[in-house]
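Working notes, beginning with the structure itself.
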There are 2 protein chains.
Amino acid sequence: MSDEHTVKSFDGEINRLNDVIIEMASLTKEQVRDAVTVVVKRDSELAGEIIEKDPAINNLELESHELTMRLLALRQPVAIDLRNIVVSIKISSDLERIGDYAANVAKRALVLNQLPPVKQARTIKNMGRVTYDLLKDVIDAYEHQDVKKALDVWHRDEEVDDMYTSIFRELLTYMMEDTHNITACTHLLFIARNLERIGDHATNIAEDIHFMIKGKPPTGRRPMGDVDGEFDIFDH
Amino acid sequence: MSDEHTVKSFDGEINRLNDVIIEMASLTKEQVRDAVTVVVKRDSELAGEIIEKDPAINNLELESHELTMRLLALRQPVAIDLRNIVVSIKISSDLERIGDYAANVAKRALVLNQLPPVKQARTIKNMGRVTYDLLKDVIDAYEHQDVKKALDVWHRDEEVDDMYTSIFRELLTYMMEDTHNITACTHLLFIARNLERIGDHATNIAEDIHFMIKGKPPTGRRPMGDVDGEFDIFDH
């Protein structure tokens with residue numbers, strides 16, 4: 001009986017940890033979606049809401065961290081349970097960082113909304129949608145322990161990188177054409193960079209899911225943290 | 001005897017983990033120092049060396065990760081040992097990311113070296129020195145389990161943020177004065193941002209050291225992930 005009680009209680013705690021991660025993931029996903037909307041629709045009110053909600057994600061990270069420490073100290077987990085717990089430390093840290101990027105996009109959008117509109121804000125929309133889809137899919141993969149879906153995200157990150165390179169060039173050209181665009185385009189450049197970084201963190205989460213389920217990281221091409229297209233010299 | 005053997009072997013493994021973290025930290029510190037030199041001295045050869053060395057940091061992260069999993073699975077550590085092991089997962093991830101930022105600075109420096117010099121590259125030097133000192137001090141704090149030194153780093157990160165705000169404004173102004181500077185100044189902006197992010201990661205490590213030793217995160221002002229000065233509107 002005592003053993004059974006222990007097992008049940010362990011399952012309860014590990015489920016609670018997974019619930020916290022999923023709650024964190026849902027909130028982070030909404031923040032990313034809203035951050036892109038803020039840029040495209042110049043919605044300062046929504047930007048304010050994103051900035052206000054960011055601490056909730058940080059608090060969930062602390063909660064997941066406490067649960068993790070408790071599970072490791074009292075439960076001596078092994079095999080997939082241990083990997084699940086360790087991976088949750090890394091995933092919660094990735095989600096917290098994605099939340100920071102979303103809040104940073106919102107803050108930059110508040111600056112953009114005080115400046116005349118620049119057409120390039122529209123090109124952020126597509127990149128935002130692709131990045132959001134990556135994040136959504138990797139969260140689904142975590143929730144359903146779907147290693148195939150996680151690997152798919154791992155490979156698709158390249159699409160975000162290509163979009164980033166294209167936006168980077170477009171924004172630089174636009175700045176060169178008219179110096180009045182420099183402040184706005186600089187913030188858009190950083191917004192695009194934030195989205196590209198969100199894609200990288202989604203890729204990290206995909207790797208962690210693979211490790212959790214398979215006990216080893218994915219093999220093959222390891223996606224780069226840098227976008228090489230950004231380092232080409234082009235006409236200026 | 002068997003117990004003593006187990007204890008010795010546990011100490012050996014935890015020391016090995018700490019050694020890997022310290023090796024990783026030393027290499028990362030060198031990479032940051034060299035990355036700043038590359039920008040200031042326009043040294044493309046050194047930039048190439050930094051880019052080549054980056055995978056060694058990633059490999060050390062994998063090694064520390066394997067040691068961590070092994071210690072958790074076989075040793076059932078508690079209290080400070082458990083915190084030490086969990087914190088090493090986070091610190092190795094921060095160091096790996098700092099290494100990525102250093103490599104990114106080196107790649108941008110290679111672009112800068114193909115363009116006419118801009119004087120703002122010099123202002124990166126001071127920011128680079130302050131960032132390097134933060135990193136050096138937090139690594140010392142880890143090596144000597146010095147919570148006071150870690151807290152000092154935690155507070156000093158603001159200095160890096162202030163320098164970033166100042167460089168951000170200076171670079172924007174310079175771009176507006178002469179559109180020929182736009183490509184170079186954009187890369188310098190991202191280089192400054194990378195240094196600011198390295199400071200943030202040093203701050204994360206300081207928090208982790210505090211948690212490892214004291215069993216709780218530091219209290220008081222929690223340094224922000226964003227630099228507010230960047231979001232002011234100024235003349236353009």
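Convention: chains lettered A, B, ... in structure tokens order; per-chain residue numbering from 1; ligands numbered from 1 as shown.
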* Select all residues from chain B having any atom no more than 6 Å from an atom of chain A (counting only C-alpha atoms, ignoring ligands), output as a list in words. =>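 Applying the cut-off to the listed atoms yields Ala73, Gln76, Val78, Met176 and Thr179 of chain B.
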* Would you list the contacts of Met127 (chain A) as a list in words, taking every protein, DNA or RNA residue within 8 Å and counting only C-alpha atoms, but skipping same-chain residues closer than 5 positions in sequence? => Val160, Met163, Tyr164, Ala192 and Leu195 of chain A
* Skipping near chain neighbours, those fewer than 2 positions away, what residues fall within 10 Å of Glu30 (chain A) using only C-alpha atoms, listed as JSON, numbers by chain? -> {"A": [25, 26, 27, 28, 32, 33, 34, 35, 50, 99, 102, 132, 136]}
* **Between CA of Arg197 (chain B) and CA of Glu196 (chain A), distance in Å (one decimal)** => 15.7 Å
* Structure fact -> Taken to one decimal, the CA of Asn204 (chain A)-CA of Lys29 (chain B) distance is 23.5 Å
Name all residues at most 12 Å from Glu23 (chain A) (count only C-alpha atoms; drop same-chain ones fewer than 6 positions away) and give them as a short mmCIF file (atom, residue, chain, number, x, y, z; two decimals) with N, CA and C atoms, in the first residue's frame.
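As a result, around30.cif now contains:
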data_model
loop_
_atom_site.label_atom_id
_atom_site.label_comp_id
_atom_site.auth_asym_id
_atom_site.auth_seq_id
_atom_site.Cartn_x
_atom_site.Cartn_y
_atom_site.Cartn_z
N ARG A 16 1.86 17.12 -12.54
CA ARG A 16 1.77 18.54 -12.17
C ARG A 16 2.87 19.33 -12.88
N LEU A 17 4.08 18.76 -12.90
CA LEU A 17 5.20 19.42 -13.59
C LEU A 17 4.88 19.60 -15.08
N LYS A 29 2.89 30.91 -26.24
CA LYS A 29 2.38 30.85 -27.62
C LYS A 29 1.45 32.03 -27.89
N GLU A 30 0.55 32.31 -26.96
CA GLU A 30 -0.35 33.47 -27.11
C GLU A 30 0.43 34.78 -27.18
N ALA A 56 4.07 36.59 -15.52
CA ALA A 56 3.35 35.33 -15.23
C ALA A 56 4.15 34.14 -15.77
N ILE A 57 4.77 34.32 -16.93
CA ILE A 57 5.60 33.24 -17.51
C ILE A 57 6.82 32.99 -16.62
N ASN A 58 7.44 34.07 -16.17
CA ASN A 58 8.60 33.93 -15.29
C ASN A 58 8.22 33.19 -14.00
N ASN A 59 7.04 33.51 -13.46
CA ASN A 59 6.61 32.83 -12.23
C ASN A 59 6.37 31.34 -12.46
N LEU A 60 5.82 31.01 -13.62
CA LEU A 60 5.62 29.58 -13.94
C LEU A 60 6.96 28.87 -14.05
N GLU A 61 7.97 29.57 -14.57
CA GLU A 61 9.30 28.94 -14.64
C GLU A 61 9.80 28.62 -13.23
N GLU A 63 7.98 28.09 -10.60
CA GLU A 63 7.16 27.00 -10.07
C GLU A 63 7.65 25.64 -10.62
N SER A 64 7.92 25.61 -11.92
CA SER A 64 8.39 24.35 -12.52
C SER A 64 9.75 23.97 -11.92
N SER A 92 11.51 24.84 -19.84
CA SER A 92 10.94 26.01 -19.17
C SER A 92 11.85 27.23 -19.36
N LEU A 95 11.16 28.48 -22.87
CA LEU A 95 9.85 29.16 -22.93
C LEU A 95 9.94 30.55 -22.29
N GLU A 96 10.65 30.62 -21.18
CA GLU A 96 10.79 31.91 -20.49
C GLU A 96 11.47 32.91 -21.41
N ILE A 139 5.05 22.56 -29.27
CA ILE A 139 4.29 22.42 -28.03
C ILE A 139 3.35 21.20 -28.12
N GLU A 143 3.31 17.91 -25.77
CA GLU A 143 2.08 17.47 -25.10
C GLU A 143 1.76 16.01 -25.44
#
* Asked: What is the CA of Val118 (chain A) to CA of Val40 (chain A) distance in Å?
  ->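 Between CA of Val118 (chain A) and CA of Val40 (chain A) the gap works out to 10.5 Å.
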* To do: Assign secondary structure with DSSP using the backbone only, and return the residues of chain A in helix (DSSP H, G or I) as a VMD selection string.
  => chain A and resid 2 to 41 44 to 75 79 to 112 121 to 143 147 to 177 179 to 214 228 to 231
